[in-house]
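One file, query.cif, is given below (mmCIF, C-alpha atoms).
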```cif
data_structure
loop_
_atom_site.label_atom_id
_atom_site.label_comp_id
_atom_site.auth_asym_id
_atom_site.auth_seq_id
_atom_site.Cartn_x
_atom_site.Cartn_y
_atom_site.Cartn_z
CA MET Y 8 1.95 12.73 11.41
CA ASP Y 9 -1.22 11.71 13.27
CA ILE Y 10 -0.90 8.94 15.83
CA CYS Y 11 -3.90 7.27 17.44
CA PRO Y 12 -4.27 8.06 21.16
CA ILE Y 13 -3.15 5.56 23.76
CA ASN Y 14 -3.36 5.59 27.56
CA PRO Y 15 -1.00 8.39 28.70
CA GLN Y 16 -0.84 6.90 32.20
CA SER Y 17 1.26 4.02 30.98
CA TRP Y 18 4.83 4.69 32.06
CA LEU Y 19 5.98 1.88 29.83
CA PHE Y 20 4.44 3.51 26.81
CA SER Y 21 5.77 6.97 27.70
CA GLY Y 22 9.30 5.74 28.30
CA SER Y 23 9.31 3.69 25.12
CA GLN Y 24 8.01 6.62 23.10
CA ILE Y 25 10.74 8.91 24.41
CA LEU Y 26 13.37 6.32 23.50
CA CYS Y 27 11.90 5.92 20.03
CA PHE Y 28 11.88 9.69 19.54
CA ALA Y 29 15.55 9.82 20.48
CA LEU Y 30 16.34 7.09 17.97
CA THR Y 31 14.54 8.92 15.18
CA LEU Y 32 16.07 12.32 15.90
CA PRO Y 33 18.93 11.84 13.40
CA LEU Y 34 16.36 10.80 10.77
CA GLN Y 35 14.24 13.86 11.50
CA LEU Y 36 17.29 16.07 11.05
CA MET Y 37 18.07 14.28 7.76
CA GLU Y 38 14.55 15.05 6.55
CA VAL Y 39 14.81 18.72 7.52
CA THR Y 40 18.20 19.12 5.80
CA GLY Y 41 17.14 17.21 2.68
CA LEU Y 42 19.54 14.31 3.23
CA TYR Y 43 16.62 11.89 3.65
CA GLY Y 44 16.17 12.09 -0.10
CA MET Y 45 19.23 9.86 -0.41
CA TYR Y 46 17.32 7.10 1.42
CA LYS Y 47 14.45 7.43 -1.05
CA ARG Y 48 16.90 6.41 -3.77
CA LEU Y 49 17.91 3.35 -1.75
CA PHE Y 50 14.39 2.36 -0.62
CA PRO Y 51 13.29 0.79 -3.94
CA LEU Y 52 16.18 -1.70 -3.73
CA LEU Y 53 15.18 -2.65 -0.18
CA ALA Y 54 11.50 -2.92 -1.14
CA TYR Y 55 12.34 -5.04 -4.20
CA ASN Y 56 14.19 -7.59 -2.08
CA ILE Y 57 11.57 -7.63 0.69
CA THR Y 58 8.87 -8.23 -1.94
CA PHE Y 59 10.08 -11.78 -2.61
CA SER Y 60 9.64 -12.78 1.05
CA TYR Y 61 6.28 -10.99 1.42
CA ASN Y 62 4.89 -12.49 -1.79
CA ASP Y 63 5.99 -15.95 -0.74
CA LYS Y 64 4.13 -15.63 2.57
CA MET Y 65 1.10 -13.91 1.03
CA HIS Y 66 0.91 -15.87 -2.23
CA LYS Y 67 -2.34 -17.67 -1.38
CA THR Y 68 -3.89 -14.47 -0.02
CA LYS Y 69 -3.05 -12.47 -3.14
CA ARG Y 70 -4.20 -15.27 -5.43
CA ASN Y 71 -7.58 -15.31 -3.66
CA LEU Y 72 -7.81 -11.51 -3.73
CA PHE Y 73 -7.25 -11.21 -7.49
CA ARG Y 74 -8.99 -14.40 -8.59
CA ASN Y 75 -12.07 -12.58 -9.95
CA VAL Y 76 -10.39 -9.54 -11.54
CA GLY Y 77 -11.18 -11.01 -14.96
CA LYS Y 78 -14.91 -10.62 -14.46
CA PHE Y 79 -14.53 -6.86 -14.92
CA ALA Y 80 -13.18 -7.34 -18.45
CA HIS Y 81 -15.22 -6.21 -21.47
CA SER Y 82 -17.08 -8.63 -23.72
CA ASP Y 83 -14.11 -8.67 -26.11
CA GLY Y 84 -11.81 -9.71 -23.25
CA THR Y 85 -9.99 -6.40 -22.87
CA LEU Y 86 -9.25 -5.16 -19.36
CA ARG Y 87 -7.48 -1.93 -18.44
CA LEU Y 88 -5.94 -1.96 -14.95
CA LEU Y 89 -4.33 0.92 -13.07
CA GLU Y 90 -1.97 0.11 -10.20
CA ILE Y 91 -1.30 2.94 -7.75
CA GLY Y 92 2.03 2.70 -5.97
CA CYS Y 93 3.13 -0.19 -8.15
CA GLY Y 94 6.62 -0.22 -6.65
CA SER Y 95 8.62 -3.03 -8.21
CA GLY Y 96 5.59 -4.80 -9.71
CA ALA Y 97 4.98 -7.35 -6.96
CA ASN Y 98 1.37 -7.95 -8.08
CA PHE Y 99 1.95 -8.55 -11.80
CA GLN Y 100 2.03 -12.34 -11.52
CA PHE Y 101 -1.53 -12.34 -10.15
CA TYR Y 102 -3.16 -10.35 -12.97
CA PRO Y 103 -5.12 -12.13 -15.72
CA TYR Y 104 -3.55 -12.90 -19.07
CA GLY Y 105 -3.68 -10.10 -21.62
CA CYS Y 106 -4.82 -7.24 -19.42
CA THR Y 107 -3.26 -3.82 -20.00
CA VAL Y 108 -1.51 -2.35 -16.97
CA VAL Y 109 -0.87 1.33 -16.25
CA CYS Y 110 1.73 1.76 -13.50
CA THR Y 111 2.07 4.77 -11.19
CA ASP Y 112 4.37 5.50 -8.27
CA PRO Y 113 5.59 8.72 -6.64
CA ASN Y 114 9.15 7.36 -6.43
CA PRO Y 115 10.84 7.38 -9.87
CA HIS Y 116 13.67 5.17 -8.61
CA PHE Y 117 11.36 2.13 -8.68
CA GLU Y 118 11.38 2.08 -12.49
CA LYS Y 119 14.53 -0.05 -12.79
CA TYR Y 120 13.01 -2.84 -10.68
CA LEU Y 121 9.62 -2.39 -12.31
CA ARG Y 122 11.15 -3.14 -15.71
CA MET Y 123 12.62 -6.35 -14.30
CA SER Y 124 9.15 -7.48 -13.17
CA MET Y 125 7.71 -6.59 -16.56
CA GLU Y 126 10.26 -8.85 -18.23
CA ALA Y 127 9.30 -11.68 -15.87
CA ASN Y 128 5.55 -11.26 -16.52
CA LYS Y 129 5.11 -11.15 -20.27
CA HIS Y 130 1.51 -12.37 -20.06
CA LEU Y 131 0.54 -8.72 -19.53
CA THR Y 132 0.57 -5.65 -21.75
CA TYR Y 133 2.18 -2.59 -20.18
CA ASP Y 134 0.96 0.85 -21.17
CA LYS Y 135 3.20 3.25 -19.28
CA PHE Y 136 4.87 4.13 -16.00
CA VAL Y 137 3.84 7.53 -14.63
CA VAL Y 138 5.48 9.24 -11.66
CA LEU Y 139 2.65 10.73 -9.61
CA SER Y 140 0.99 10.59 -6.21
CA GLY Y 141 -2.32 8.87 -5.58
CA GLU Y 142 -3.81 12.13 -4.36
CA ASP Y 143 -3.35 13.83 -7.74
CA MET Y 144 -3.69 11.58 -10.79
CA LYS Y 145 -4.57 14.29 -13.29
CA GLU Y 146 -2.67 12.40 -15.99
CA VAL Y 147 -5.26 9.61 -15.76
CA GLN Y 148 -8.54 10.47 -17.48
CA ASP Y 149 -11.97 10.23 -15.85
CA GLU Y 150 -13.61 6.80 -16.09
CA SER Y 151 -10.72 5.40 -18.13
CA VAL Y 152 -9.89 2.13 -16.30
CA ASP Y 153 -11.83 -1.01 -15.43
CA VAL Y 154 -9.86 -1.95 -12.31
CA VAL Y 155 -7.66 -0.07 -9.84
CA VAL Y 156 -5.25 -1.91 -7.55
CA CYS Y 157 -3.60 -0.56 -4.41
CA THR Y 158 -1.61 -2.83 -2.08
CA LEU Y 159 0.43 -1.64 0.91
CA VAL Y 160 0.07 1.94 -0.32
CA LEU Y 161 -2.71 3.64 1.66
CA CYS Y 162 -0.46 3.36 4.73
CA SER Y 163 1.93 5.94 3.28
CA VAL Y 164 -0.22 8.45 1.38
CA SER Y 165 -0.80 11.86 2.92
CA ASP Y 166 -4.59 11.89 2.38
CA VAL Y 167 -6.37 8.52 2.18
CA GLN Y 168 -9.79 10.01 1.38
CA GLN Y 169 -8.38 12.08 -1.48
CA VAL Y 170 -6.76 8.97 -2.97
CA LEU Y 171 -10.05 7.08 -2.75
CA GLN Y 172 -11.91 9.91 -4.46
CA GLU Y 173 -9.31 9.91 -7.25
CA ILE Y 174 -9.84 6.16 -7.61
CA ARG Y 175 -13.59 6.66 -7.96
CA ARG Y 176 -12.95 9.36 -10.55
CA VAL Y 177 -10.76 7.24 -12.85
CA LEU Y 178 -12.85 4.06 -12.53
CA LYS Y 179 -15.49 3.30 -15.10
CA SER Y 180 -19.01 2.78 -13.82
CA GLY Y 181 -19.21 -0.74 -12.45
CA GLY Y 182 -15.41 -0.96 -12.19
CA ALA Y 183 -13.60 -2.34 -9.14
CA PHE Y 184 -10.96 -1.18 -6.70
CA TYR Y 185 -8.87 -3.99 -5.16
CA PHE Y 186 -6.96 -3.40 -1.95
CA LEU Y 187 -4.66 -5.19 0.48
CA GLU Y 188 -3.44 -3.03 3.37
CA HIS Y 189 -1.97 -3.45 6.82
CA VAL Y 190 -3.94 -1.63 9.52
CA VAL Y 191 -3.91 -0.79 13.21
CA SER Y 192 -4.43 -3.72 15.56
CA ASP Y 193 -7.03 -4.24 18.28
CA PRO Y 194 -6.43 -1.76 21.16
CA SER Y 195 -6.18 -4.60 23.68
CA SER Y 196 -3.27 -6.28 21.88
CA TRP Y 197 0.48 -6.00 22.28
CA THR Y 198 0.66 -5.38 18.55
CA TYR Y 199 -1.32 -2.16 19.06
CA PHE Y 200 1.13 -1.10 21.78
CA PHE Y 201 4.21 -1.69 19.63
CA GLN Y 202 2.59 -0.08 16.60
CA HIS Y 203 2.12 3.18 18.49
CA VAL Y 204 5.49 3.12 20.22
CA LEU Y 205 7.55 2.28 17.14
CA GLU Y 206 5.58 4.14 14.46
CA PRO Y 207 7.90 7.21 14.45
CA LEU Y 208 10.86 4.96 13.64
CA TRP Y 209 8.87 2.80 11.21
CA TYR Y 210 7.69 5.96 9.43
CA TYR Y 211 11.23 6.85 8.38
CA LEU Y 212 12.48 3.35 7.67
CA GLY Y 213 9.34 2.58 5.65
CA ASP Y 214 9.47 5.75 3.55
CA GLY Y 215 6.43 7.36 5.18
CA CYS Y 216 4.61 4.16 6.20
CA MET Y 217 2.06 4.56 9.03
CA VAL Y 218 1.08 1.47 10.99
CA THR Y 219 -1.77 2.95 13.06
CA ARG Y 220 -4.33 3.67 10.34
CA ALA Y 221 -7.87 2.29 10.53
CA THR Y 222 -8.12 2.25 6.73
CA TRP Y 223 -11.37 0.26 6.69
CA LYS Y 224 -13.15 3.37 8.03
CA ASP Y 225 -11.95 5.40 5.03
CA LEU Y 226 -13.17 2.69 2.66
CA GLU Y 227 -16.57 2.61 4.34
CA ALA Y 228 -16.89 6.39 3.96
CA ALA Y 229 -15.59 6.62 0.37
CA GLY Y 230 -18.97 6.27 -1.35
CA PHE Y 231 -18.52 3.04 -3.34
CA SER Y 232 -21.74 1.26 -4.24
CA GLU Y 233 -20.42 -2.04 -2.83
CA LEU Y 234 -17.67 -2.88 -0.36
CA HIS Y 235 -16.39 -6.43 0.10
CA LEU Y 236 -13.91 -6.30 2.97
CA LYS Y 237 -12.26 -8.95 5.08
CA GLN Y 238 -9.93 -8.56 8.07
CA ILE Y 239 -7.08 -11.06 8.29
CA GLU Y 240 -3.87 -11.76 10.17
CA ALA Y 241 -1.05 -12.02 7.64
CA PRO Y 242 0.85 -15.31 8.15
CA GLU Y 243 4.49 -15.10 9.27
CA VAL Y 244 4.64 -11.36 8.67
CA THR Y 245 6.36 -8.89 11.02
CA LEU Y 246 4.23 -8.20 14.11
CA MET Y 247 3.94 -4.48 13.31
CA ILE Y 248 2.08 -5.10 10.04
CA ARG Y 249 0.38 -8.42 10.74
CA PRO Y 250 -3.22 -7.08 10.89
CA HIS Y 251 -4.46 -6.65 7.30
CA ILE Y 252 -7.63 -5.85 5.41
CA MET Y 253 -8.30 -7.15 1.91
CA GLY Y 254 -11.11 -7.05 -0.61
CA TYR Y 255 -12.60 -4.91 -3.34
CA SER Y 256 -15.09 -2.08 -3.84
CA ILE Y 257 -17.33 -1.47 -6.83
CA LYS Y 258 -18.06 1.99 -8.15
#
```
Take the structure I supplied and represent it as structure tokens, if you would.
Amino acid sequence: MDICPINPQSWLFSGSQILCFALTLPLQLMEVTGLYGMYKRLFPLLAYNITFSYNDKMHKTKRNLFRNVGKFAHSDGTLRLLEIGCGSGANFQFYPYGCTVVCTDPNPHFEKYLRMSMEANKHLTYDKFVVLSGEDMKEVQDESVDVVVCTLVLCSVSDVQQVLQEIRRVLKSGGAFYFLEHVVSDPSSWTYFFQHVLEPLWYYLGDGCMVTRATWKDLEAAGFSELHLKQIEAPEVTLMIRPHIMGYSIK
């Protein structure tokens, strides 16, 4: 797990990091012994319940992010959308009427909650739910989707660049990739300090979530023909994940 460097002379940082390491030691042992897999079964339930609060606070932001998804539809109105790391389907309500959604997630235990969101959003057509990682989407054909969506996912993948290259592979020419991700804060902020100190603990509680990634750099280097990116502070969201980036890229 890579962690961005911070001033090693800070005794406050060093002491806090040691304490955080001690707190995560039982979780590290659980991962080594395989017991952490039990938490992965529980995590979808926690994520499903947290989604309601996050969506309430980010409703306007998400509505603005997805407002022009429909412009990537074909002349006959059809639109095929792939969501990577769909989780419990928190974004479904923001997708345009009639579009076909392909759902993927590496955690199969999300499917129960995903079905509940599908029932609540019948304005969409659902193709299938596929258990796979964003780094290897071999079950999705080349240039087979018009839009790819990824929200709060690039923080927990093992290889951001590989995921972005897979997205470019499955997107049709002229298609769009929409993203909403929390990122590392400004180095001069207290948020940056707490992100680096608490990341080891957050990593386990968030099922592999990293809070110190400068994801905008990966997007800039991914090779999209256009990148529309905006940095925001998420309103009323936990300090650790308040800095966000949002926008879309065009292949």
Hey, can you check how far CA of Ser256 (chain Y) sits from CA of Thr219 (chain Y)? 22.1 Å
Cut-off 10 Å around (2.3, 1.4, -20.0) with all atoms listed in the file: residues as a PyMOL selection string: chain Y and resi 89+107-111+132-137
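Applied to the file shown here, the PyMOL selection byres ((chain Y and resi 191-204) around 6) selects Gln24, Val190, Leu205, Glu206, Val218, Thr219, Arg220, Ala221, Met247 and Pro250 of chain Y.
Pairwise distance (CA of Met65 (chain Y), CA of Gln169 (chain Y)) equals 27.8 Å.
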Which polymer residues have any atom within 12 Å of an atom of Arg70 (chain Y), counting only C-alpha atoms, with same-chain residues fewer than 5 positions away left out, as an MDAnalysis selection string? chainID Y and resid 62:65 75:76 98:103 187 253:254
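If you look at CA of Cys93 (chain Y) and CA of Ile57 (chain Y), they are 14.3 Å away from each other.
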Can you list, as a list in words, the residues that the PyMOL selection byres ((chain Y and resi 181-186) around 8) selects here? Leu72, Phe73, Phe79, Val152, Asp153, Val154, Val155, Val156, Cys157, Thr158, Ile174, Leu178, Lys179, Ser180, Leu187, Glu188, Ile252, Met253, Gly254, Tyr255, Ser256, Ile257 and Lys258 of chain Y
When the PyMOL selection byres ((chain Y and resi 123) around 12) is applied to the structure above, which residues does it catch, written out as an MDAnalysis selection string? chainID Y and resid 55 94:97 99 117:122 124:129
Exercise: Phe50 (chain Y) partners within 10 Å, all atoms listed in the file, chain neighbours under 6 positions left out, as a PyMOL selection string: chain Y and resi 44+114+116-117+212-214
Rank nothing, just name the residue among Y:Cys216, Y:Leu49, Y:Leu161, Y:Ile239 nearest to Pro115 (chain Y), using all atoms listed in the file. Y:Leu49
How big is the axis-aligned box around all listed atoms of region 111-117 of chain Y once 3 Å goes on each side, and where's its centre, in Å to one decimal, as JSON?
```
{"center_x": 7.9, "center_y": 5.4, "center_z": -8.8, "size_x": 17.6, "size_y": 12.6, "size_z": 10.8}
```
10 Å contact set for Gly84 (chain Y), all atoms listed in the file, chain neighbours under 6 positions out, as a CSV table (one decimal) with C-alpha atoms, in the coordinates of the input:
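Everything below was put into result_0.csv:
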```csv
chain,number,residue,atom,x,y,z
Y,77,GLY,CA,-11.2,-11.0,-15.0
Y,78,LYS,CA,-14.9,-10.6,-14.5
Y,104,TYR,CA,-3.6,-12.9,-19.1
Y,105,GLY,CA,-3.7,-10.1,-21.6
Y,106,CYS,CA,-4.8,-7.2,-19.4
```
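Near (-13.5, 10.3, -3.2), the residues inside the 10 Å limit, counting all atoms listed in the file, come to Y:Glu142, Y:Val167, Y:Gln168, Y:Gln169, Y:Val170, Y:Leu171, Y:Gln172, Y:Glu173, Y:Ile174, Y:Arg175, Y:Arg176, Y:Asp225, Y:Leu226, Y:Ala228, Y:Ala229, Y:Gly230, Y:Phe231.
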Since the input is missing atoms for region 198-209 of chain Y, could you rebuild it with all heavy atoms and give the result as an mmCIF file, in the coordinates of the input?
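As written to disk, selection_26.cif reads:
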```cif
data_model
loop_
_atom_site.group_PDB
_atom_site.id
_atom_site.type_symbol
_atom_site.label_atom_id
_atom_site.label_comp_id
_atom_site.auth_asym_id
_atom_site.auth_seq_id
_atom_site.Cartn_x
_atom_site.Cartn_y
_atom_site.Cartn_z
ATOM 1 N N THR Y 198 0.341 -5.923 19.862
ATOM 2 C CA THR Y 198 0.660 -5.380 18.550
ATOM 3 C C THR Y 198 0.302 -3.901 18.491
ATOM 4 O O THR Y 198 1.070 -3.072 17.988
ATOM 5 C CB THR Y 198 -0.100 -6.145 17.449
ATOM 6 O OG1 THR Y 198 0.276 -7.522 17.488
ATOM 7 C CG2 THR Y 198 0.209 -5.580 16.067
ATOM 8 N N TYR Y 199 -0.860 -3.555 19.021
ATOM 9 C CA TYR Y 199 -1.320 -2.160 19.060
ATOM 10 C C TYR Y 199 -0.312 -1.301 19.828
ATOM 11 O O TYR Y 199 0.035 -0.193 19.404
ATOM 12 C CB TYR Y 199 -2.685 -2.127 19.740
ATOM 13 C CG TYR Y 199 -3.329 -0.763 19.848
ATOM 14 C CD1 TYR Y 199 -4.147 -0.274 18.834
ATOM 15 C CD2 TYR Y 199 -3.163 0.019 20.990
ATOM 16 C CE1 TYR Y 199 -4.765 0.964 18.946
ATOM 17 C CE2 TYR Y 199 -3.773 1.259 21.107
ATOM 18 C CZ TYR Y 199 -4.572 1.725 20.083
ATOM 19 O OH TYR Y 199 -5.177 2.950 20.189
ATOM 20 N N PHE Y 200 0.155 -1.827 20.957
ATOM 21 C CA PHE Y 200 1.130 -1.100 21.780
ATOM 22 C C PHE Y 200 2.407 -0.819 20.975
ATOM 23 O O PHE Y 200 2.875 0.321 20.891
ATOM 24 C CB PHE Y 200 1.467 -1.927 23.027
ATOM 25 C CG PHE Y 200 2.624 -1.400 23.824
ATOM 26 C CD1 PHE Y 200 2.452 -0.363 24.724
ATOM 27 C CD2 PHE Y 200 3.894 -1.946 23.668
ATOM 28 C CE1 PHE Y 200 3.529 0.129 25.452
ATOM 29 C CE2 PHE Y 200 4.970 -1.466 24.392
ATOM 30 C CZ PHE Y 200 4.788 -0.422 25.287
ATOM 31 N N PHE Y 201 2.964 -1.859 20.369
ATOM 32 C CA PHE Y 201 4.210 -1.690 19.630
ATOM 33 C C PHE Y 201 4.023 -0.836 18.383
ATOM 34 O O PHE Y 201 4.932 -0.094 17.987
ATOM 35 C CB PHE Y 201 4.795 -3.058 19.255
ATOM 36 C CG PHE Y 201 5.438 -3.770 20.410
ATOM 37 C CD1 PHE Y 201 4.908 -4.958 20.898
ATOM 38 C CD2 PHE Y 201 6.569 -3.249 21.019
ATOM 39 C CE1 PHE Y 201 5.495 -5.607 21.967
ATOM 40 C CE2 PHE Y 201 7.164 -3.895 22.094
ATOM 41 C CZ PHE Y 201 6.629 -5.077 22.571
ATOM 42 N N GLN Y 202 2.848 -0.911 17.764
ATOM 43 C CA GLN Y 202 2.590 -0.080 16.600
ATOM 44 C C GLN Y 202 2.686 1.407 16.958
ATOM 45 O O GLN Y 202 3.270 2.202 16.216
ATOM 46 C CB GLN Y 202 1.207 -0.381 16.019
ATOM 47 C CG GLN Y 202 1.134 -1.670 15.210
ATOM 48 C CD GLN Y 202 -0.278 -1.957 14.720
ATOM 49 O OE1 GLN Y 202 -1.270 -1.611 15.364
ATOM 50 N NE2 GLN Y 202 -0.375 -2.612 13.574
ATOM 51 N N HIS Y 203 2.118 1.781 18.101
ATOM 52 C CA HIS Y 203 2.120 3.180 18.490
ATOM 53 C C HIS Y 203 3.479 3.639 19.009
ATOM 54 O O HIS Y 203 3.879 4.781 18.781
ATOM 55 C CB HIS Y 203 1.034 3.417 19.555
ATOM 56 C CG HIS Y 203 -0.348 3.447 18.990
ATOM 57 N ND1 HIS Y 203 -1.050 2.307 18.664
ATOM 58 C CD2 HIS Y 203 -1.144 4.489 18.648
ATOM 59 C CE1 HIS Y 203 -2.221 2.637 18.171
ATOM 60 N NE2 HIS Y 203 -2.306 3.957 18.144
ATOM 61 N N VAL Y 204 4.177 2.758 19.686
ATOM 62 C CA VAL Y 204 5.490 3.120 20.220
ATOM 63 C C VAL Y 204 6.524 3.274 19.095
ATOM 64 O O VAL Y 204 7.310 4.217 19.063
ATOM 65 C CB VAL Y 204 5.978 2.072 21.240
ATOM 66 C CG1 VAL Y 204 7.445 2.282 21.573
ATOM 67 C CG2 VAL Y 204 5.136 2.140 22.504
ATOM 68 N N LEU Y 205 6.511 2.335 18.156
ATOM 69 C CA LEU Y 205 7.550 2.280 17.140
ATOM 70 C C LEU Y 205 7.199 2.990 15.830
ATOM 71 O O LEU Y 205 8.034 3.073 14.930
ATOM 72 C CB LEU Y 205 7.905 0.817 16.837
ATOM 73 C CG LEU Y 205 8.482 0.019 18.011
ATOM 74 C CD1 LEU Y 205 8.698 -1.439 17.611
ATOM 75 C CD2 LEU Y 205 9.794 0.631 18.493
ATOM 76 N N GLU Y 206 5.977 3.504 15.725
ATOM 77 C CA GLU Y 206 5.580 4.140 14.460
ATOM 78 C C GLU Y 206 6.517 5.266 14.016
ATOM 79 O O GLU Y 206 6.835 5.369 12.821
ATOM 80 C CB GLU Y 206 4.145 4.659 14.538
ATOM 81 C CG GLU Y 206 3.706 5.287 13.217
ATOM 82 C CD GLU Y 206 2.233 5.600 13.165
ATOM 83 O OE1 GLU Y 206 1.811 6.562 13.826
ATOM 84 O OE2 GLU Y 206 1.506 4.872 12.474
ATOM 85 N N PRO Y 207 6.989 6.143 14.920
ATOM 86 C CA PRO Y 207 7.900 7.210 14.450
ATOM 87 C C PRO Y 207 9.141 6.658 13.751
ATOM 88 O O PRO Y 207 9.578 7.208 12.740
ATOM 89 C CB PRO Y 207 8.262 7.944 15.751
ATOM 90 C CG PRO Y 207 7.085 7.709 16.645
ATOM 91 C CD PRO Y 207 6.657 6.298 16.354
ATOM 92 N N LEU Y 208 9.696 5.573 14.271
ATOM 93 C CA LEU Y 208 10.860 4.960 13.640
ATOM 94 C C LEU Y 208 10.469 4.257 12.348
ATOM 95 O O LEU Y 208 11.148 4.382 11.318
ATOM 96 C CB LEU Y 208 11.515 3.961 14.610
ATOM 97 C CG LEU Y 208 12.765 3.236 14.101
ATOM 98 C CD1 LEU Y 208 13.868 4.236 13.771
ATOM 99 C CD2 LEU Y 208 13.250 2.225 15.146
ATOM 100 N N TRP Y 209 9.360 3.532 12.389
ATOM 101 C CA TRP Y 209 8.870 2.800 11.210
ATOM 102 C C TRP Y 209 8.554 3.771 10.065
ATOM 103 O O TRP Y 209 8.771 3.464 8.896
ATOM 104 C CB TRP Y 209 7.623 2.005 11.593
ATOM 105 C CG TRP Y 209 7.190 0.995 10.582
ATOM 106 C CD1 TRP Y 209 6.409 1.223 9.482
ATOM 107 C CD2 TRP Y 209 7.520 -0.393 10.557
ATOM 108 N NE1 TRP Y 209 6.214 0.065 8.788
ATOM 109 C CE2 TRP Y 209 6.886 -0.952 9.424
ATOM 110 C CE3 TRP Y 209 8.268 -1.228 11.399
ATOM 111 C CZ2 TRP Y 209 6.980 -2.297 9.098
ATOM 112 C CZ3 TRP Y 209 8.361 -2.569 11.084
ATOM 113 C CH2 TRP Y 209 7.730 -3.095 9.947
#
```
